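As structure tokens, the structure follows; a few thoughts come after it.
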Amino acid sequence: MTSVLYDAPGPVARRRERWGSVIGSVVVLVLLAVGAVAAARNGVFDADRWDVLYDPPKQTAADVWRSLLVTGLGATLRAAALAAPLALALGVALAVWRSTRLRALRIPAVGVIELFRGVPVLLMMFFALLALKLSSFEAVVFGLVVYNMAIVAEILRAGLAALPKGQAEAAYALGLSRPQTLFTILLPQAVRLMMPSLVAQMVVLLKDSSLGFIVGYQELLKVIQNNSYFYGNNYAFALFTVGTVVYLTVNLSLSWFARWLARRTSAQGNPEAVAEAAQRPGTGPGADAGARPV
Amino acid sequence: MRTMRRRGAVAVLAASVLALTACGGDAEEPTEEPGAGEETTDAGGEEGAAEFAEGSTMAELSEAGSITIGTKFDQPLFGLVGPNGEPEGFDVEIGKIIAGELGIEEDGITWVETISQNRESFIETDQVDLVIATYTINDDRKERIDFAGPYYEAGQSILTLADNEDIQGPDDLAGKKVCTVSGSTPEANLLENFPEAEVVPFQAYSDCLTPLRNGQVDAVSTDNVILAGFAAESDDLEVRGEPFTEEPYGIGLAKGDDEFRDWVNDVLEEIFEDGRWTDAWESTAGTVLPTPEPPAVDRY
Amino acid sequence: MDAVFAAFPTYLSGFAVTLQLTAWSAAIAMALGLVVAALRVSPLRPFRFFAAAYVEVLRNMPLTLIFFFAVFVLPQFGVIPPLGFWTAVLCLSTYTSAFVAEAVRSGINSVGVGQAEAARAIGLTFGQTLGEVVLPQAVRTVVPPLINVFIALAKNTSVAAGFAVVELTAAGRRLSQGNPSDTILLLVGVVVFYLLITIPMGVIAGAVERKVAFSR
């Protein structure tokens, strides 16, 4: 790891860093220990706070794990698996619509994006349930799709804006039409450039499925809640801890998968270039937004 | 080559998503053994199916052999679901009896969680045939749906810590923090009739217990039966004073389906008489609460 | 329709709470996020590690779960926060600080390499380089994504409705409870109030973005 912000550490700095690490670790460990002692005094680690995971007082451990991992996580993934492709497809469509040259045509797209970007997902789901009369599952998917398509459109717009002007100019010079330029030259590059942001947004989408409680959708967090009502508040810590671990596992593997995908699909040569470029608003979102290349 | 391998990866991902989806679907099917519902079908039984008038909701449900009932999934004693996905409680028993009268076995019942905010809309959109979910009959709701029943009469009351001497009734709530559910009838009652009380709204009544024990709120207020369920589970909680509202619990069904409503009312009157209502109570809420007299059905 | 007009005071008080939640959480998240971002690019490896873990955990957890921990689990460790507004601010600002840190970090990366090199060449320390040279320049590129983070924050305050805060969404639920037949209209009212916060923020983000682009 090299950085422009500081020199590569020399022997003195390295020694200092080692001491810093030791002291820092000790401080962190002491804090953790204090927390653990306080928790233990309140009985947080007693078996009767945790046995719900291996020997629950009612029903069986298999039931508990099945409800968490099959019913709960299954419902979360099902909603995300349907909503993510829809949000991406509609987001691309919106981004294309927003990049049309005619101002009058562009304005409705801006309106749609601003509207859906500005309303809480929670309310969109609630609205779908009450006004559009959708089922819980459909309402969750609807809320996730309309919000995330607006964000995807914004991300892609930033990606398009960040491409060097020469790309479009060269395409036109070759005699490609505007749609051809957009779909074969600019959009693929924009998608690749913004891959990290797009994946981060899909993680947000997955997490937001937990807002389905407002319409009574039985996803992971709702199942955890129901289980903690069923077994009593004593088990809240154990169940929420499991929930955190599951969410982190799923989301981090998603991010990891995306990084792997980006490495495999990126142009030959420097695999970090793409991720690096997108991390920098200097060449990424917002940089050349004024000079629209299309 | 690169493209091929990439497609392969995507296909594997898609397949695993599908597999998960399939598992998720399976889990929601009732896992009851066939025949488990036989006991409750004795009164209506198979021959009951023929009795219903052509085209009535009863005939349709009976012929389909399946019914969808909305209930609470987080209400101890009335509708509470465990990790195996099968709800239990008084509301659930009432639902099973009604389904039985239609000749529908227990594994023909699909239970759907209805929360306070979606009960009316689920009925209006036919996502459920009935809602039995500690559902108070009131005129505002009658504008959108109809109620059979009541099948139970609750009333709003107060729960405090057992060692709290200050709060003996609703009039003592002035200046106190009272926990209830956001957007619920009890919340509206408190705001209107006891404006001095400081209302602290959560998502579910069970959420109120931790703050109560930690002294972050002074009391919890909702229907007495819900509070009694909490008090019965732990010694440190007590229900205080007499109920100060009337909350008749009804069975929600589609607006204007008078035939169905009359029929459900008939069933309720029948089970009030023949003791099945009492049995249902005693096997659920009755384990911790005294058995009340059945209420009178209100055929409005 | 009358119900919507009669509901105006309820809307306004909910709107006021939503605004305060947003403002306090934004301020605290900003401060916290700057610190975390600085740790994330610092020369000390343990700091970088801690900051990365902080960001990754918070970014990959649903906000609702964070609320659950604060309200139901923290008391088990002997920490009993005052219910309602400040707990909500705590949760919202902790959650948002991870996103702020990410936005600021990418902003720091966007400042030309030469700037930091020059700063170090004239003998500035890491703290001085970051605080006096890099961050002031990073602000320009960081502002638009930051505003987007704060737009998300404004909307996330709606999650607090389930945790003892009567903000806009909770106010809307109260209203629709009293008028079941006007639920949809009342909901549209809530949406309009959210847009009153988020659309101006979006417009500002757009304007800043254009200005930054031209000044380069």
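Going by the structure tokens order, chains are called A, B, ..., each with residues numbered from 1, while ligands are numbered from 1 in the order shown.
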
- prompt: If you run DSSP on the backbone, which residues of range 14-203 of chain C are alpha helix (DSSP H), as a ChimeraX atom specification?
  reply: /C:14-40,45-59,63-68,85-110,113-121,126-128,135-156,168-178,183-203

For chain A, work out the contacting residues on chain C at 8 Å, counting only C-alpha atoms, and write them as number ranges by chain. C: 41, 43-46, 57, 60-62, 64-65, 68-69, 72-73, 76-78, 106-107, 109-111, 113, 116-117, 120, 125-126, 129-130, 141-142, 144, 151, 155-156, 158-159, 169, 183-184, 187, 191, 194-195, 198-199, 202, 209-210, 212-214

Take the selection from the previous step and output its residues with N, CA and C atoms, as a short mmCIF file (atom, residue, chain, number, x, y, z; two decimals), in the first residue's frame.
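File part_20.cif, as written:
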```cif
data_model
loop_
_atom_site.label_atom_id
_atom_site.label_comp_id
_atom_site.auth_asym_id
_atom_site.auth_seq_id
_atom_site.Cartn_x
_atom_site.Cartn_y
_atom_site.Cartn_z
N VAL C 41 -7.20 6.68 5.58
CA VAL C 41 -6.04 6.94 4.72
C VAL C 41 -4.81 7.20 5.57
N PRO C 43 -1.43 6.74 8.01
CA PRO C 43 -0.26 5.86 7.86
C PRO C 43 -0.31 4.66 8.80
N LEU C 44 -1.06 4.75 9.90
CA LEU C 44 -1.07 3.66 10.87
C LEU C 44 -2.02 2.55 10.45
N ARG C 45 -1.45 1.35 10.29
CA ARG C 45 -2.25 0.25 9.78
C ARG C 45 -3.45 -0.10 10.67
N PRO C 46 -3.29 -0.14 12.00
CA PRO C 46 -4.46 -0.48 12.83
C PRO C 46 -5.61 0.50 12.63
N VAL C 57 -18.90 -2.92 7.94
CA VAL C 57 -19.98 -3.47 8.76
C VAL C 57 -21.23 -2.60 8.65
N ASN C 60 -23.11 -2.61 5.30
CA ASN C 60 -23.74 -3.86 4.89
C ASN C 60 -24.82 -4.34 5.85
N MET C 61 -25.23 -3.47 6.76
CA MET C 61 -26.26 -3.83 7.73
C MET C 61 -27.50 -2.99 7.48
N PRO C 62 -28.69 -3.59 7.59
CA PRO C 62 -29.87 -2.74 7.44
C PRO C 62 -29.98 -1.76 8.61
N THR C 64 -32.54 -0.70 10.09
CA THR C 64 -33.49 -1.16 11.10
C THR C 64 -32.79 -2.00 12.16
N LEU C 65 -31.84 -2.81 11.71
CA LEU C 65 -31.12 -3.68 12.64
C LEU C 65 -30.29 -2.85 13.62
N PHE C 68 -32.53 -1.67 16.22
CA PHE C 68 -32.84 -2.75 17.15
C PHE C 68 -31.74 -2.90 18.19
N PHE C 69 -30.50 -2.86 17.72
CA PHE C 69 -29.39 -3.01 18.64
C PHE C 69 -29.40 -1.88 19.67
N PHE C 72 -32.88 -2.31 21.91
CA PHE C 72 -33.16 -3.52 22.67
C PHE C 72 -31.90 -4.23 23.20
N VAL C 73 -30.76 -4.02 22.56
CA VAL C 73 -29.58 -4.78 22.97
C VAL C 73 -28.63 -3.94 23.82
N GLN C 76 -28.82 -4.16 27.52
CA GLN C 76 -28.29 -5.38 28.14
C GLN C 76 -26.82 -5.25 28.49
N PHE C 77 -26.14 -4.29 27.86
CA PHE C 77 -24.75 -4.03 28.19
C PHE C 77 -24.64 -2.93 29.25
N GLY C 78 -25.77 -2.58 29.82
CA GLY C 78 -25.76 -1.58 30.87
C GLY C 78 -25.82 -0.15 30.38
N SER C 106 -13.20 8.89 -1.31
CA SER C 106 -13.01 8.96 -2.76
C SER C 106 -12.68 10.38 -3.19
N GLY C 107 -13.15 11.37 -2.41
CA GLY C 107 -12.79 12.75 -2.69
C GLY C 107 -11.31 12.99 -2.47
N ASN C 109 -9.00 10.81 -2.70
CA ASN C 109 -8.28 10.16 -3.79
C ASN C 109 -8.30 10.98 -5.07
N SER C 110 -9.31 11.88 -5.18
CA SER C 110 -9.46 12.61 -6.44
C SER C 110 -8.52 13.80 -6.54
N VAL C 111 -7.97 14.24 -5.40
CA VAL C 111 -7.07 15.39 -5.45
C VAL C 111 -5.76 14.97 -6.11
N VAL C 113 -2.22 14.03 -7.41
CA VAL C 113 -1.09 13.47 -6.66
C VAL C 113 -0.07 14.56 -6.33
N ALA C 116 -0.40 16.59 -2.93
CA ALA C 116 0.09 15.96 -1.70
C ALA C 116 1.61 15.87 -1.73
N GLU C 117 2.15 15.57 -2.91
CA GLU C 117 3.60 15.46 -3.03
C GLU C 117 4.27 16.79 -2.71
N ARG C 120 4.14 17.51 0.99
CA ARG C 120 5.13 16.76 1.76
C ARG C 120 6.53 17.29 1.49
N THR C 125 3.36 17.65 7.71
CA THR C 125 3.11 16.31 8.24
C THR C 125 1.86 15.72 7.57
N PHE C 126 1.55 14.46 7.92
CA PHE C 126 0.36 13.82 7.38
C PHE C 126 -0.88 14.64 7.72
N THR C 129 -0.90 17.88 5.75
CA THR C 129 -1.14 17.61 4.33
C THR C 129 -2.63 17.39 4.10
N LEU C 130 -3.20 16.53 4.98
CA LEU C 130 -4.60 16.17 4.81
C LEU C 130 -5.50 17.37 5.11
N THR C 141 -15.19 18.17 -4.97
CA THR C 141 -15.70 16.98 -5.64
C THR C 141 -16.56 16.14 -4.69
N VAL C 142 -16.41 16.36 -3.41
CA VAL C 142 -17.13 15.54 -2.45
C VAL C 142 -18.55 16.02 -2.25
N PRO C 144 -21.23 16.99 -4.15
CA PRO C 144 -22.41 16.33 -4.75
C PRO C 144 -22.70 14.94 -4.19
N ILE C 151 -29.47 13.19 1.26
CA ILE C 151 -30.83 12.95 0.77
C ILE C 151 -31.30 11.59 1.28
N LYS C 155 -34.47 10.59 4.01
CA LYS C 155 -35.50 9.57 3.82
C LYS C 155 -35.39 8.46 4.86
N ASN C 156 -34.16 8.15 5.26
CA ASN C 156 -33.99 7.09 6.25
C ASN C 156 -34.57 7.45 7.60
N SER C 158 -37.33 8.03 8.21
CA SER C 158 -38.65 7.40 8.31
C SER C 158 -38.58 6.10 9.10
N VAL C 159 -37.41 5.46 9.15
CA VAL C 159 -37.29 4.22 9.91
C VAL C 159 -37.51 4.48 11.40
N THR C 169 -43.47 10.18 8.95
CA THR C 169 -44.13 8.91 8.63
C THR C 169 -45.07 8.46 9.75
N THR C 183 -56.84 7.30 3.43
CA THR C 183 -55.44 6.90 3.62
C THR C 183 -54.53 7.33 2.48
N ILE C 184 -54.99 7.10 1.24
CA ILE C 184 -54.11 7.33 0.10
C ILE C 184 -53.77 8.81 -0.03
N LEU C 187 -51.40 9.90 2.56
CA LEU C 187 -50.07 9.40 2.24
C LEU C 187 -49.40 10.30 1.20
N VAL C 191 -45.78 12.26 1.31
CA VAL C 191 -44.80 12.23 0.22
C VAL C 191 -44.38 13.65 -0.17
N TYR C 194 -41.88 15.07 2.19
CA TYR C 194 -40.53 14.54 1.98
C TYR C 194 -39.87 15.20 0.78
N LEU C 195 -40.67 15.37 -0.29
CA LEU C 195 -40.11 15.98 -1.50
C LEU C 195 -39.67 17.42 -1.22
N THR C 198 -36.19 16.75 -0.06
CA THR C 198 -35.22 16.07 -0.92
C THR C 198 -35.01 16.76 -2.26
N ILE C 199 -36.08 17.32 -2.85
CA ILE C 199 -35.90 17.92 -4.17
C ILE C 199 -34.98 19.14 -4.13
N GLY C 202 -31.55 17.91 -3.99
CA GLY C 202 -31.13 17.38 -5.28
C GLY C 202 -30.73 18.50 -6.23
N GLU C 209 -22.58 20.47 -8.65
CA GLU C 209 -21.90 19.58 -9.58
C GLU C 209 -21.48 20.33 -10.85
N ARG C 210 -22.42 21.14 -11.37
CA ARG C 210 -22.12 21.90 -12.60
C ARG C 210 -21.01 22.91 -12.33
N VAL C 212 -18.67 22.89 -10.03
CA VAL C 212 -17.40 22.20 -9.85
C VAL C 212 -16.83 21.81 -11.20
N ALA C 213 -17.71 21.31 -12.07
CA ALA C 213 -17.25 20.84 -13.37
C ALA C 213 -16.65 21.99 -14.17
N PHE C 214 -17.29 23.17 -14.12
CA PHE C 214 -16.79 24.28 -14.91
C PHE C 214 -15.51 24.86 -14.34
#
```

TODO: Identify, on the basis of only C-alpha atoms, every residue whose closest approach to Thr57 in chain B does not exceed 9 Å; exclude the query and any residue fewer than 6 positions from it along the same chain; express the result as JSON, numbers by chain.
DONE: {"B": [257, 259, 260]}

inquiry  = Please identify all residues of chain B having at least one atom at most 6 Å from any atom of chain C, considering only C-alpha atoms, and return them as a list of chain:residue names.
reply    =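 In the required form, that comes to B:Gly183, B:Val200, B:Pro201, B:Phe202, B:Gln203.
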
Got time to write the residues from that selection, N, CA and C atoms, as a PDB file, in the first residue's frame?
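Resulting contents of again.pdb:
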```pdb
ATOM      1  N   GLY B 183     -49.724   4.374  15.133  1.00  0.00           N
ATOM      2  CA  GLY B 183     -50.848   4.244  14.202  1.00  0.00           C
ATOM      3  C   GLY B 183     -51.912   3.261  14.635  1.00  0.00           C
ATOM      4  N   VAL B 200     -45.374   7.168  23.594  1.00  0.00           N
ATOM      5  CA  VAL B 200     -44.122   6.698  22.993  1.00  0.00           C
ATOM      6  C   VAL B 200     -44.461   5.543  22.042  1.00  0.00           C
ATOM      7  N   PRO B 201     -44.507   5.796  20.729  1.00  0.00           N
ATOM      8  CA  PRO B 201     -44.967   4.747  19.803  1.00  0.00           C
ATOM      9  C   PRO B 201     -43.858   3.833  19.286  1.00  0.00           C
ATOM     10  N   PHE B 202     -44.113   2.522  19.321  1.00  0.00           N
ATOM     11  CA  PHE B 202     -43.198   1.542  18.723  1.00  0.00           C
ATOM     12  C   PHE B 202     -43.917   0.779  17.611  1.00  0.00           C
ATOM     13  N   GLN B 203     -43.215  -0.246  17.082  1.00  0.00           N
ATOM     14  CA  GLN B 203     -43.773  -0.995  15.969  1.00  0.00           C
ATOM     15  C   GLN B 203     -44.710  -2.103  16.420  1.00  0.00           C
TER      16      GLN B 203
END
```

Counting only C-alpha atoms, closest pick from A:Ser136, A:Ser99, A:Ser177, A:Ser197 relative to chain B is A:Ser136

Within 9 Å of chain B, which residues of chain A show up when using only C-alpha atoms, listed as a ChimeraX atom specification?
/A:58-68,70-75,77-78,81,126,129-131,133-135,213-218,223,225-227,229-233,261,264-265

query: Can you list, as an MDAnalysis selection string, every protein, DNA or RNA residue that comes within 10 Å of range 182-184 of chain A when you count only C-alpha atoms, leaving out same-chain residues fewer than 2 positions away?
result: chainID A and resid 96 99 160 168 171 176:180 186:190 294

Just give me the gap between CA of Gly127 in chain C and CA of Ser42 in chain C in Å, one decimal is fine.
->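 A separation of 8.8 Å between them.
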
Fill in: Shell of 12 Å around Asp298 in chain B, only C-alpha atoms, local chain residues under 6 positions omitted, as a ChimeraX atom specification
/B:137-138,146-153,248-251,261-262,264-266,268-269

field: strand (DSSP E or B) residues, from DSSP on the backbone, in range 94-275 of chain B, as a PyMOL selection string
entry: chain B and resi 109-113+130-136+145-154+156-161+177-181+198-202+219-223+237-240+247-254

Just give me the gap between CA of Leu124 in chain C and CA of Val35 in chain C in Å, one decimal is fine.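 These atoms are spaced 19.3 Å apart.
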